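This report refers to the structure that appears directly beneath it.
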Amino acid sequence: MKRRALGALGVFLAGAMLLAGCGKSGSTSSNSGAKDAKKFPEQTKMTTAKSGGSITVAEETDTPFTGIFLDELADSQIDSDVSQFGAESLFATDDQYKINNKGSATFKLDRKAKTVTIEVKKGVKWSDGKQVTAKDVEYAYEIIANKDSGSSRYTNSIANIVGIAAYHAGKAKTISGIDMPDGANGRKVVIHFLTMKPGMTQSGNGYFWESAAPYHYLKDVPFSKLKSSDKVRKNPLYYGPFKVQKIVRGQSVTWVRNPYYWRGTPKLKKITISVISENTASQSIKSKKFDVINVVNSQWKEVKGTKGYNFVAQIPLSYSYLGFKVGKWDKKTGSVKMNKNSKMNNRSLRQAMAYAMNVDEVENHYTQGLSFRVKTLVPEGFGDFYNSKLAGFPKNLKKANALLDKAGYKKKKGETYRRDPNGKKLTIHLAAMSGAPNQEAIVQNYIQQWKKVGLHVTLTTGRLIEFNSFYDKVENDDPSVDVFEAVWSLSSEPSQNDLYSAQAPFNFTRFESAENTKMLKEMDSQKSFNHAYRVKVFHKWQAYMQKEAYVVPLTNSYSITAVNSKLVNYSLKPSKSGLVWYQVGYKK
């Protein structure tokens, strides 16, 4: 399925999407899967489609979707996936994610005046027929910045809008830096910024929001009730090509044409997206149960020859990672509160755990190279911002043991496990998500790897944790979590501010340092309008994060989608993002 970046950092992914998926333990360690994926195009045939017809789409997850149908409040990739047919961004982009004026709104940046002007096009209407207005654009910021709404989208980056911090703190009733020159029912919005940032021409930059929210429809719902209201959960409004017809809570959503869609009539008449278990994905492909379905990478061998599908592929901007908890989120200050004495606040311990892992072996074993170890927190897809000189953490048990010895993690005679530097018994609690059938095997493999270097790692709750419960524990700094394995779907602008700054709710490790803060500010500073300078800062930051190892990147994967061979105009290209579901249809 098409994955949309939401805000500056995208969203949580279910762990199994990038970790190996399901496969037989006897699978070969060749890279034949990666070779196949490289051959696949990013889109099916692009041609005239006929009008009419319905399709079924699969959403592979072992957990029901939460069903928050409002971008400002949604966090999970699963919610993003099930709403993709109606949730259209205000802006279109080129294939490098640079914003252009081909979307539902135009965009004009004035560096001197420190403004961005957004104008919604005439005829862009909600699925109830009402024009999308300036107030709808402004209201989205109110939802994000109002503490009562529970949005995790209020970040350091969005706080760069004039007056939004005062509104967030409850000191102002409106956001002074957002003007509506033609009034609330006009279509123009001017946003004033404290400072202009180099990433502002890119989609997903986090300094301004890229969606609107239907004010006329939601205005009577208190901010504190929005997330649970029927208008968000059961009867949402969208201005994209499709509107919600029916929701089976947590299981499926049926979408039909939005009769007011600004581009015209979508080709397809109806789309139904349904949750299925990853266990049944390969069987669903072989039995042609769905028209659009993602391939679970370790099932590739089982499905690769299936007739009746075209396969399209890409490497998404995402990665799985190991995070070490070293503090808590302070709601009062809206920032992380690091605990210098926390169990995992020892660099040698963190590095040793990373070096003990056999990520390359695991991925070759289960996915024939379709998933692969990543070396830094900035994916290769970001071009020259990626620091190719870094090695990451390839398996090195000798190095892991040496780090632990030197840091004072010693074993007492006759004991299997090391004690902490104070001589106390050390147990490390790992939270990992449930998912595909071999997820358990992979996680247990890593636990055995850590045992080899004398570290006693056990699973939080004693088992793998369901997606929603997992993020509930991680977000709320549950004391039963010392280390966690999670997955990011990233935005298309490489700034790291909204993931790793002290004011980022998504900084789940709760790590902060003066050096990290300085570099994050530099990468989005005035100096960084000079591309070469910005690249230099990114490279320096990646090296710093590798040294500190509070967050250790693990894997990324080719994402392969099987598309019914009778369908045309399905594309994974960024420039086609807003057009996909308007254009997809059966070939004539």
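By convention in this document, the chains of the structure tokens carry letters A, B, ... by their order, each chain's residues are numbered from 1, and ligands are numbered from 1 in the order they are shown.
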Kindly provide the residues of segment 158-245 of chain A that approach segment 501-525 of chain A to within 9 Å, each paired with its closest atom pair and their distance in Å to one decimal, based on only C-alpha atoms, listed by chain and increasing number, as a Markdown table.
```
| residue | atom | partner | partner_atom | distance |
| --- | --- | --- | --- | --- |
| A:Thr195 | CA | A:Ser525 | CA | 8.5 |
| A:Met196 | CA | A:Ser525 | CA | 8.1 |
| A:Lys197 | CA | A:Asp524 | CA | 5.6 |
| A:Pro198 | CA | A:Asp524 | CA | 6.0 |
| A:Gly199 | CA | A:Asp524 | CA | 7.2 |
```
Could you write those residues out with N, CA, C and O atoms, as a PDB file, in the first residue's frame?
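File produced: result.pdb:
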```pdb
ATOM      1  N   THR A 195      11.742  31.942  12.606  1.00  0.00           N
ATOM      2  CA  THR A 195      12.899  31.860  11.699  1.00  0.00           C
ATOM      3  C   THR A 195      12.535  30.954  10.528  1.00  0.00           C
ATOM      4  O   THR A 195      11.726  30.038  10.685  1.00  0.00           O
ATOM      5  N   MET A 196      13.140  31.215   9.389  1.00  0.00           N
ATOM      6  CA  MET A 196      12.902  30.376   8.220  1.00  0.00           C
ATOM      7  C   MET A 196      13.905  29.221   8.235  1.00  0.00           C
ATOM      8  O   MET A 196      15.026  29.364   8.718  1.00  0.00           O
ATOM      9  N   LYS A 197      13.471  28.061   7.720  1.00  0.00           N
ATOM     10  CA  LYS A 197      14.290  26.852   7.797  1.00  0.00           C
ATOM     11  C   LYS A 197      14.573  26.273   6.418  1.00  0.00           C
ATOM     12  O   LYS A 197      13.729  26.342   5.521  1.00  0.00           O
ATOM     13  N   PRO A 198      15.756  25.663   6.254  1.00  0.00           N
ATOM     14  CA  PRO A 198      16.151  25.172   4.932  1.00  0.00           C
ATOM     15  C   PRO A 198      15.245  24.079   4.362  1.00  0.00           C
ATOM     16  O   PRO A 198      15.159  23.911   3.155  1.00  0.00           O
ATOM     17  N   GLY A 199      14.562  23.328   5.237  1.00  0.00           N
ATOM     18  CA  GLY A 199      13.728  22.232   4.730  1.00  0.00           C
ATOM     19  C   GLY A 199      12.327  22.629   4.334  1.00  0.00           C
ATOM     20  O   GLY A 199      11.529  21.792   3.929  1.00  0.00           O
TER      21      GLY A 199
END
```
Please list as a PyMOL selection string every residue within 10 Å of Val57 of chain A, counting only C-alpha atoms and excluding residues in the same chain fewer than 3 positions away. chain A and resi 1+60+82+252-253+271-276+289-294+563
Given the selection you just returned, output its residues as a file containing N, CA and C atoms, formatted as a PDB file, in the first residue's frame.
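Output file out_16.pdb follows:
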```pdb
ATOM      1  N   MET A   1       0.817  -1.197   0.000  1.00  0.00           N
ATOM      2  CA  MET A   1       0.000   0.000   0.000  1.00  0.00           C
ATOM      3  C   MET A   1       0.858   1.257   0.000  1.00  0.00           C
ATOM      4  N   GLU A  60      -1.891  -5.673   6.386  1.00  0.00           N
ATOM      5  CA  GLU A  60      -1.331  -6.797   7.138  1.00  0.00           C
ATOM      6  C   GLU A  60      -0.857  -6.360   8.520  1.00  0.00           C
ATOM      7  N   VAL A  82      -5.288   2.791   6.418  1.00  0.00           N
ATOM      8  CA  VAL A  82      -6.719   2.565   6.179  1.00  0.00           C
ATOM      9  C   VAL A  82      -7.435   3.855   5.765  1.00  0.00           C
ATOM     10  N   SER A 252     -12.172  -3.324   9.074  1.00  0.00           N
ATOM     11  CA  SER A 252     -12.233  -2.948   7.647  1.00  0.00           C
ATOM     12  C   SER A 252     -12.912  -1.598   7.462  1.00  0.00           C
ATOM     13  N   VAL A 253     -12.585  -0.955   6.333  1.00  0.00           N
ATOM     14  CA  VAL A 253     -13.255   0.298   5.960  1.00  0.00           C
ATOM     15  C   VAL A 253     -13.631   0.196   4.483  1.00  0.00           C
ATOM     16  N   ILE A 271     -13.646   0.925  -2.782  1.00  0.00           N
ATOM     17  CA  ILE A 271     -12.428   0.273  -2.294  1.00  0.00           C
ATOM     18  C   ILE A 271     -12.707  -0.225  -0.876  1.00  0.00           C
ATOM     19  N   THR A 272     -12.392  -1.491  -0.619  1.00  0.00           N
ATOM     20  CA  THR A 272     -12.524  -2.019   0.742  1.00  0.00           C
ATOM     21  C   THR A 272     -11.153  -2.453   1.231  1.00  0.00           C
ATOM     22  N   ILE A 273     -10.716  -1.888   2.348  1.00  0.00           N
ATOM     23  CA  ILE A 273      -9.434  -2.287   2.937  1.00  0.00           C
ATOM     24  C   ILE A 273      -9.725  -3.082   4.196  1.00  0.00           C
ATOM     25  N   SER A 274      -9.103  -4.265   4.300  1.00  0.00           N
ATOM     26  CA  SER A 274      -9.379  -5.167   5.428  1.00  0.00           C
ATOM     27  C   SER A 274      -8.093  -5.617   6.095  1.00  0.00           C
ATOM     28  N   VAL A 275      -8.166  -5.743   7.411  1.00  0.00           N
ATOM     29  CA  VAL A 275      -7.032  -6.225   8.194  1.00  0.00           C
ATOM     30  C   VAL A 275      -6.911  -7.735   8.012  1.00  0.00           C
ATOM     31  N   ILE A 276      -5.681  -8.192   7.698  1.00  0.00           N
ATOM     32  CA  ILE A 276      -5.427  -9.643   7.662  1.00  0.00           C
ATOM     33  C   ILE A 276      -4.142  -9.924   8.437  1.00  0.00           C
ATOM     34  N   LYS A 289      -7.035 -13.312  -3.268  1.00  0.00           N
ATOM     35  CA  LYS A 289      -8.114 -12.801  -2.419  1.00  0.00           C
ATOM     36  C   LYS A 289      -8.185 -11.277  -2.457  1.00  0.00           C
ATOM     37  N   PHE A 290      -7.035 -10.613  -2.714  1.00  0.00           N
ATOM     38  CA  PHE A 290      -6.983  -9.143  -2.713  1.00  0.00           C
ATOM     39  C   PHE A 290      -6.427  -8.621  -4.030  1.00  0.00           C
ATOM     40  N   ASP A 291      -6.844  -7.407  -4.381  1.00  0.00           N
ATOM     41  CA  ASP A 291      -6.343  -6.779  -5.607  1.00  0.00           C
ATOM     42  C   ASP A 291      -5.029  -6.041  -5.365  1.00  0.00           C
ATOM     43  N   VAL A 292      -4.857  -5.522  -4.142  1.00  0.00           N
ATOM     44  CA  VAL A 292      -3.609  -4.842  -3.770  1.00  0.00           C
ATOM     45  C   VAL A 292      -3.194  -5.388  -2.410  1.00  0.00           C
ATOM     46  N   ILE A 293      -2.000  -5.980  -2.350  1.00  0.00           N
ATOM     47  CA  ILE A 293      -1.539  -6.588  -1.103  1.00  0.00           C
ATOM     48  C   ILE A 293      -0.020  -6.545  -1.018  1.00  0.00           C
ATOM     49  N   ASN A 294       0.488  -6.170   0.131  1.00  0.00           N
ATOM     50  CA  ASN A 294       1.936  -6.142   0.321  1.00  0.00           C
ATOM     51  C   ASN A 294       2.460  -7.554   0.510  1.00  0.00           C
ATOM     52  N   VAL A 563      -0.059  -6.212  -7.232  1.00  0.00           N
ATOM     53  CA  VAL A 563      -1.213  -5.462  -7.741  1.00  0.00           C
ATOM     54  C   VAL A 563      -1.885  -6.289  -8.838  1.00  0.00           C
TER      55      VAL A 563
END
```
Would you kindly return, as an MDAnalysis selection string, each protein, DNA or RNA residue with an atom no farther than 10 Å from any atom of Phe484 of chain A, considering only C-alpha atoms and excluding same-chain residues fewer than 6 positions away? chainID A and resid 321:325 429:433 459:460 470:471 473:474 508:509 551
Restricting the output to N, CA, C and O atoms, write the selected residues as a JSON list (two decimals), in the first residue's frame.
```json
[["chain", "number", "residue", "atom", "x", "y", "z"],
["A", 321, "TYR", "N", 14.65, -0.12, 14.82],
["A", 321, "TYR", "CA", 15.77, 0.31, 15.67],
["A", 321, "TYR", "C", 15.63, -0.25, 17.08],
["A", 321, "TYR", "O", 14.56, -0.70, 17.48],
["A", 322, "LEU", "N", 16.74, -0.24, 17.79],
["A", 322, "LEU", "CA", 16.79, -0.61, 19.20],
["A", 322, "LEU", "C", 16.95, 0.67, 19.99],
["A", 322, "LEU", "O", 17.87, 1.45, 19.74],
["A", 323, "GLY", "N", 16.03, 0.92, 20.93],
["A", 323, "GLY", "CA", 16.08, 2.15, 21.73],
["A", 323, "GLY", "C", 16.34, 1.83, 23.19],
["A", 323, "GLY", "O", 15.79, 0.86, 23.73],
["A", 324, "PHE", "N", 17.16, 2.64, 23.84],
["A", 324, "PHE", "CA", 17.51, 2.43, 25.25],
["A", 324, "PHE", "C", 16.86, 3.50, 26.11],
["A", 324, "PHE", "O", 17.13, 4.70, 25.93],
["A", 325, "LYS", "N", 16.00, 3.11, 27.03],
["A", 325, "LYS", "CA", 15.30, 4.08, 27.89],
["A", 325, "LYS", "C", 16.24, 4.68, 28.94],
["A", 325, "LYS", "O", 16.84, 3.94, 29.72],
["A", 429, "HIS", "N", 15.23, -5.56, 30.66],
["A", 429, "HIS", "CA", 13.89, -5.91, 30.14],
["A", 429, "HIS", "C", 13.68, -5.33, 28.74],
["A", 429, "HIS", "O", 13.73, -4.12, 28.56],
["A", 430, "LEU", "N", 13.44, -6.21, 27.79],
["A", 430, "LEU", "CA", 13.28, -5.83, 26.39],
["A", 430, "LEU", "C", 11.81, -5.89, 25.98],
["A", 430, "LEU", "O", 11.14, -6.90, 26.15],
["A", 431, "ALA", "N", 11.30, -4.78, 25.41],
["A", 431, "ALA", "CA", 9.94, -4.77, 24.84],
["A", 431, "ALA", "C", 10.06, -4.91, 23.33],
["A", 431, "ALA", "O", 10.80, -4.17, 22.69],
["A", 432, "ALA", "N", 9.36, -5.90, 22.78],
["A", 432, "ALA", "CA", 9.37, -6.11, 21.33],
["A", 432, "ALA", "C", 7.95, -6.45, 20.89],
["A", 432, "ALA", "O", 7.19, -7.08, 21.64],
["A", 433, "MET", "N", 7.62, -6.02, 19.68],
["A", 433, "MET", "CA", 6.26, -6.20, 19.18],
["A", 433, "MET", "C", 6.01, -7.61, 18.63],
["A", 433, "MET", "O", 6.90, -8.21, 18.03],
["A", 459, "LEU", "N", 12.14, -10.71, 28.23],
["A", 459, "LEU", "CA", 11.06, -9.94, 27.60],
["A", 459, "LEU", "C", 10.18, -9.26, 28.64],
["A", 459, "LEU", "O", 9.76, -9.89, 29.61],
["A", 460, "THR", "N", 9.92, -7.98, 28.43],
["A", 460, "THR", "CA", 8.92, -7.26, 29.25],
["A", 460, "THR", "C", 7.60, -8.02, 29.09],
["A", 460, "THR", "O", 7.22, -8.36, 27.97],
["A", 470, "PHE", "N", 2.21, -2.13, 22.98],
["A", 470, "PHE", "CA", 3.64, -1.85, 22.92],
["A", 470, "PHE", "C", 3.90, -0.34, 22.95],
["A", 470, "PHE", "O", 4.65, 0.17, 23.77],
["A", 471, "TYR", "N", 3.23, 0.40, 22.04],
["A", 471, "TYR", "CA", 3.48, 1.85, 21.97],
["A", 471, "TYR", "C", 2.91, 2.57, 23.20],
["A", 471, "TYR", "O", 3.44, 3.60, 23.60],
["A", 473, "LYS", "N", 3.13, 1.40, 26.23],
["A", 473, "LYS", "CA", 4.21, 1.25, 27.22],
["A", 473, "LYS", "C", 5.39, 2.17, 26.90],
["A", 473, "LYS", "O", 5.93, 2.85, 27.77],
["A", 474, "VAL", "N", 5.79, 2.18, 25.63],
["A", 474, "VAL", "CA", 6.96, 2.97, 25.22],
["A", 474, "VAL", "C", 6.69, 4.47, 25.37],
["A", 474, "VAL", "O", 7.51, 5.20, 25.93],
["A", 508, "PHE", "N", 11.65, 8.71, 22.18],
["A", 508, "PHE", "CA", 11.20, 7.72, 23.15],
["A", 508, "PHE", "C", 12.29, 7.23, 24.10],
["A", 508, "PHE", "O", 11.99, 6.69, 25.16],
["A", 509, "THR", "N", 13.56, 7.38, 23.73],
["A", 509, "THR", "CA", 14.62, 6.96, 24.66],
["A", 509, "THR", "C", 14.76, 7.96, 25.80],
["A", 509, "THR", "O", 15.29, 7.65, 26.83],
["A", 551, "VAL", "N", 20.15, 5.16, 20.34],
["A", 551, "VAL", "CA", 19.25, 4.57, 19.35],
["A", 551, "VAL", "C", 20.12, 3.87, 18.33],
["A", 551, "VAL", "O", 20.99, 4.49, 17.71]]
```
Per-residue nearest contacts segment 392-499 of chain A to segment 329-335 of chain A, cut-off 9 Å, using only C-alpha atoms, as a tab-separated table:
```
residue	atom	partner	partner_atom	distance
A:Glu475	CA	A:Trp329	CA	8.4
A:Asn476	CA	A:Trp329	CA	7.7
A:Asp477	CA	A:Trp329	CA	7.3
```
Those same residues, written as a PDB file, in the first residue's frame with N, CA, C and O atoms?
```pdb
ATOM      1  N   GLU A 475       5.523   4.931  24.912  1.00  0.00           N
ATOM      2  CA  GLU A 475       5.176   6.356  24.996  1.00  0.00           C
ATOM      3  C   GLU A 475       5.053   6.837  26.437  1.00  0.00           C
ATOM      4  O   GLU A 475       5.413   7.961  26.760  1.00  0.00           O
ATOM      5  N   ASN A 476       4.529   5.962  27.291  1.00  0.00           N
ATOM      6  CA  ASN A 476       4.285   6.364  28.674  1.00  0.00           C
ATOM      7  C   ASN A 476       5.413   5.993  29.621  1.00  0.00           C
ATOM      8  O   ASN A 476       5.251   6.022  30.838  1.00  0.00           O
ATOM      9  N   ASP A 477       6.576   5.645  29.042  1.00  0.00           N
ATOM     10  CA  ASP A 477       7.782   5.362  29.833  1.00  0.00           C
ATOM     11  C   ASP A 477       7.524   4.340  30.937  1.00  0.00           C
ATOM     12  O   ASP A 477       7.898   4.535  32.097  1.00  0.00           O
TER      13      ASP A 477
END
```
So which residues touch Ser320 of chain A within 6 Å, counting only C-alpha atoms, skipping near sequence neighbours fewer than 5 positions away, as a list in words? Ala486, Val487, Leu554 and Thr555 of chain A
Selected residues written out, N, CA, C and O atoms, as a short mmCIF file (atom, residue, chain, number, x, y, z; two decimals), in the first residue's frame:
```cif
data_model
loop_
_atom_site.label_atom_id
_atom_site.label_comp_id
_atom_site.auth_asym_id
_atom_site.auth_seq_id
_atom_site.Cartn_x
_atom_site.Cartn_y
_atom_site.Cartn_z
N ALA A 486 11.64 -0.95 17.95
CA ALA A 486 10.51 -0.28 17.32
C ALA A 486 10.85 0.05 15.86
O ALA A 486 11.94 -0.27 15.38
N VAL A 487 9.91 0.68 15.19
CA VAL A 487 10.06 0.95 13.76
C VAL A 487 9.52 2.32 13.41
O VAL A 487 8.44 2.69 13.87
N LEU A 554 18.57 -0.79 13.03
CA LEU A 554 18.67 -2.22 12.78
C LEU A 554 18.49 -2.56 11.30
O LEU A 554 19.44 -2.90 10.63
N THR A 555 17.25 -2.45 10.79
CA THR A 555 17.01 -2.92 9.42
C THR A 555 16.09 -1.99 8.62
O THR A 555 15.31 -1.23 9.19
#
```
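Atom CA of Ala105 of chain A is found 5.9 Å from atom CA of Phe91 of chain A.
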re atom CA of Met200 of chain A and atom CA of Ser491 of chain A: distance 12.8 Å
10 Å contact set for segment 126-133 of chain A, only C-alpha atoms, chain neighbours under 5 positions out, as a PDB file with N, CA and C atoms, in the first residue's frame:
```pdb
ATOM      1  N   GLY A  86      -9.020   8.650   1.406  1.00  0.00           N
ATOM      2  CA  GLY A  86      -9.708   9.928   1.572  1.00  0.00           C
ATOM      3  C   GLY A  86      -8.787  11.030   2.037  1.00  0.00           C
ATOM      4  N   SER A 104      -4.040  20.256  -3.917  1.00  0.00           N
ATOM      5  CA  SER A 104      -5.298  20.936  -3.618  1.00  0.00           C
ATOM      6  C   SER A 104      -5.083  22.353  -3.088  1.00  0.00           C
ATOM      7  N   ALA A 105      -3.828  22.692  -2.785  1.00  0.00           N
ATOM      8  CA  ALA A 105      -3.510  24.069  -2.372  1.00  0.00           C
ATOM      9  C   ALA A 105      -2.200  24.508  -3.007  1.00  0.00           C
ATOM     10  N   GLU A 119      -2.819  28.689  -0.228  1.00  0.00           N
ATOM     11  CA  GLU A 119      -4.151  29.026  -0.757  1.00  0.00           C
ATOM     12  C   GLU A 119      -4.832  27.771  -1.275  1.00  0.00           C
ATOM     13  N   VAL A 120      -5.948  27.425  -0.646  1.00  0.00           N
ATOM     14  CA  VAL A 120      -6.723  26.249  -1.057  1.00  0.00           C
ATOM     15  C   VAL A 120      -7.398  26.578  -2.385  1.00  0.00           C
ATOM     16  N   LYS A 121      -7.361  25.642  -3.311  1.00  0.00           N
ATOM     17  CA  LYS A 121      -7.961  25.892  -4.618  1.00  0.00           C
ATOM     18  C   LYS A 121      -9.488  25.891  -4.523  1.00  0.00           C
ATOM     19  N   GLU A 138      -6.340  26.546   9.395  1.00  0.00           N
ATOM     20  CA  GLU A 138      -5.919  27.098  10.694  1.00  0.00           C
ATOM     21  C   GLU A 138      -6.343  26.193  11.852  1.00  0.00           C
ATOM     22  N   TYR A 139      -7.542  25.630  11.748  1.00  0.00           N
ATOM     23  CA  TYR A 139      -8.093  24.780  12.811  1.00  0.00           C
ATOM     24  C   TYR A 139      -7.215  23.544  13.075  1.00  0.00           C
ATOM     25  N   MET A 180      -5.670  34.993   8.228  1.00  0.00           N
ATOM     26  CA  MET A 180      -6.608  34.611   7.169  1.00  0.00           C
ATOM     27  C   MET A 180      -7.034  35.904   6.479  1.00  0.00           C
ATOM     28  N   GLY A 183     -10.554  36.354   5.466  1.00  0.00           N
ATOM     29  CA  GLY A 183     -11.509  35.877   6.481  1.00  0.00           C
ATOM     30  C   GLY A 183     -11.495  34.362   6.615  1.00  0.00           C
ATOM     31  N   ALA A 184     -12.179  33.899   7.662  1.00  0.00           N
ATOM     32  CA  ALA A 184     -12.207  32.461   7.955  1.00  0.00           C
ATOM     33  C   ALA A 184     -12.800  31.639   6.817  1.00  0.00           C
ATOM     34  N   ASN A 185     -13.763  32.232   6.075  1.00  0.00           N
ATOM     35  CA  ASN A 185     -14.378  31.502   4.962  1.00  0.00           C
ATOM     36  C   ASN A 185     -13.669  31.706   3.634  1.00  0.00           C
ATOM     37  N   GLY A 186     -12.573  32.483   3.670  1.00  0.00           N
ATOM     38  CA  GLY A 186     -11.737  32.628   2.474  1.00  0.00           C
ATOM     39  C   GLY A 186     -10.927  31.364   2.269  1.00  0.00           C
ATOM     40  N   ARG A 187      -9.963  31.435   1.347  1.00  0.00           N
ATOM     41  CA  ARG A 187      -9.179  30.228   1.060  1.00  0.00           C
ATOM     42  C   ARG A 187      -7.679  30.434   1.307  1.00  0.00           C
ATOM     43  N   LYS A 188      -7.320  31.654   1.756  1.00  0.00           N
ATOM     44  CA  LYS A 188      -5.890  31.983   1.895  1.00  0.00           C
ATOM     45  C   LYS A 188      -5.464  32.041   3.361  1.00  0.00           C
ATOM     46  N   VAL A 189      -4.288  31.448   3.637  1.00  0.00           N
ATOM     47  CA  VAL A 189      -3.713  31.456   4.984  1.00  0.00           C
ATOM     48  C   VAL A 189      -2.251  31.893   4.885  1.00  0.00           C
ATOM     49  N   ALA A 212      -5.771  19.707   6.337  1.00  0.00           N
ATOM     50  CA  ALA A 212      -6.780  20.611   6.906  1.00  0.00           C
ATOM     51  C   ALA A 212      -7.759  19.752   7.691  1.00  0.00           C
ATOM     52  N   ALA A 213      -8.486  20.377   8.616  1.00  0.00           N
ATOM     53  CA  ALA A 213      -9.489  19.651   9.413  1.00  0.00           C
ATOM     54  C   ALA A 213     -10.833  20.382   9.287  1.00  0.00           C
ATOM     55  N   PRO A 214     -11.931  19.652   9.148  1.00  0.00           N
ATOM     56  CA  PRO A 214     -13.243  20.280   8.862  1.00  0.00           C
ATOM     57  C   PRO A 214     -13.831  21.028  10.069  1.00  0.00           C
ATOM     58  N   TYR A 215     -13.530  22.308  10.164  1.00  0.00           N
ATOM     59  CA  TYR A 215     -13.965  23.123  11.305  1.00  0.00           C
ATOM     60  C   TYR A 215     -15.484  23.142  11.434  1.00  0.00           C
ATOM     61  N   HIS A 216     -16.186  23.341  10.326  1.00  0.00           N
ATOM     62  CA  HIS A 216     -17.653  23.444  10.381  1.00  0.00           C
ATOM     63  C   HIS A 216     -18.277  22.175  10.975  1.00  0.00           C
ATOM     64  N   TYR A 217     -17.585  21.059  10.821  1.00  0.00           N
ATOM     65  CA  TYR A 217     -18.104  19.757  11.239  1.00  0.00           C
ATOM     66  C   TYR A 217     -17.688  19.412  12.675  1.00  0.00           C
ATOM     67  N   PRO A 236     -16.087  10.209   9.581  1.00  0.00           N
ATOM     68  CA  PRO A 236     -15.147  11.287   9.270  1.00  0.00           C
ATOM     69  C   PRO A 236     -15.416  11.936   7.915  1.00  0.00           C
ATOM     70  N   LEU A 237     -14.979  13.192   7.777  1.00  0.00           N
ATOM     71  CA  LEU A 237     -15.054  13.884   6.485  1.00  0.00           C
ATOM     72  C   LEU A 237     -13.651  13.966   5.885  1.00  0.00           C
ATOM     73  N   TYR A 238     -13.569  13.832   4.570  1.00  0.00           N
ATOM     74  CA  TYR A 238     -12.295  13.978   3.856  1.00  0.00           C
ATOM     75  C   TYR A 238     -12.519  14.775   2.581  1.00  0.00           C
ATOM     76  N   TYR A 239     -11.440  15.361   2.041  1.00  0.00           N
ATOM     77  CA  TYR A 239     -11.568  16.045   0.744  1.00  0.00           C
ATOM     78  C   TYR A 239     -10.809  15.307  -0.352  1.00  0.00           C
ATOM     79  N   GLY A 240     -10.376  14.080  -0.061  1.00  0.00           N
ATOM     80  CA  GLY A 240      -9.693  13.250  -1.053  1.00  0.00           C
ATOM     81  C   GLY A 240     -10.682  12.576  -1.988  1.00  0.00           C
ATOM     82  N   PRO A 241     -10.216  11.659  -2.847  1.00  0.00           N
ATOM     83  CA  PRO A 241     -11.079  11.083  -3.881  1.00  0.00           C
ATOM     84  C   PRO A 241     -12.196  10.172  -3.373  1.00  0.00           C
ATOM     85  N   PHE A 242     -12.020   9.622  -2.161  1.00  0.00           N
ATOM     86  CA  PHE A 242     -13.047   8.707  -1.640  1.00  0.00           C
ATOM     87  C   PHE A 242     -13.543   9.159  -0.274  1.00  0.00           C
ATOM     88  N   LYS A 243     -14.749   8.717   0.072  1.00  0.00           N
ATOM     89  CA  LYS A 243     -15.303   9.014   1.398  1.00  0.00           C
ATOM     90  C   LYS A 243     -15.699   7.703   2.068  1.00  0.00           C
ATOM     91  N   VAL A 244     -15.770   7.734   3.378  1.00  0.00           N
ATOM     92  CA  VAL A 244     -16.094   6.526   4.137  1.00  0.00           C
ATOM     93  C   VAL A 244     -17.564   6.158   3.946  1.00  0.00           C
ATOM     94  N   ARG A 257     -16.830   6.719  -3.833  1.00  0.00           N
ATOM     95  CA  ARG A 257     -16.418   7.995  -4.439  1.00  0.00           C
ATOM     96  C   ARG A 257     -16.915   9.204  -3.651  1.00  0.00           C
ATOM     97  N   ASN A 258     -16.021  10.179  -3.504  1.00  0.00           N
ATOM     98  CA  ASN A 258     -16.419  11.486  -2.977  1.00  0.00           C
ATOM     99  C   ASN A 258     -16.996  12.265  -4.158  1.00  0.00           C
ATOM    100  N   PRO A 259     -18.314  12.508  -4.179  1.00  0.00           N
ATOM    101  CA  PRO A 259     -18.933  13.149  -5.355  1.00  0.00           C
ATOM    102  C   PRO A 259     -18.447  14.583  -5.574  1.00  0.00           C
ATOM    103  N   TYR A 260     -17.803  15.162  -4.558  1.00  0.00           N
ATOM    104  CA  TYR A 260     -17.353  16.562  -4.662  1.00  0.00           C
ATOM    105  C   TYR A 260     -15.852  16.668  -4.912  1.00  0.00           C
ATOM    106  N   TYR A 261     -15.198  15.550  -5.258  1.00  0.00           N
ATOM    107  CA  TYR A 261     -13.738  15.577  -5.383  1.00  0.00           C
ATOM    108  C   TYR A 261     -13.295  16.568  -6.443  1.00  0.00           C
ATOM    109  N   TRP A 262     -12.347  17.410  -6.065  1.00  0.00           N
ATOM    110  CA  TRP A 262     -11.974  18.560  -6.901  1.00  0.00           C
ATOM    111  C   TRP A 262     -11.349  18.198  -8.238  1.00  0.00           C
TER     112      TRP A 262
END
```
Which one is closest to Asp95 of chain A: A:Gly381, A:Gly435, A:Pro394, A:Gly462? Count only C-alpha atoms. A:Gly381
Per residue of segment 32-134 of chain A within 6 Å of segment 348-370 of chain A, record the nearest atom pair and its distance in Å to one decimal, counting only C-alpha atoms, with rows in chain order and ascending residue number, as CSV.
```
residue,atom,partner,partner_atom,distance
A:Ser32,CA,A:Gln368,CA,5.8
A:Gly33,CA,A:Gln368,CA,5.0
A:Ala34,CA,A:Leu370,CA,4.8
```
What separates atom CA of Ala134 of chain A and atom CA of Leu218 of chain A is a distance of 14.9 Å
Have a look at A:Ile175, A:Val336, A:Val535, A:Val457 and name the one nearest to Asp384 of chain A; count only C-alpha atoms. A:Val535
Report as an MDAnalysis selection string: the residues of segment 201-246 of chain A with a DSSP assignment of alpha helix (DSSP H), based on the backbone of this structure. chainID A and resid 215:218 223:226 230:233
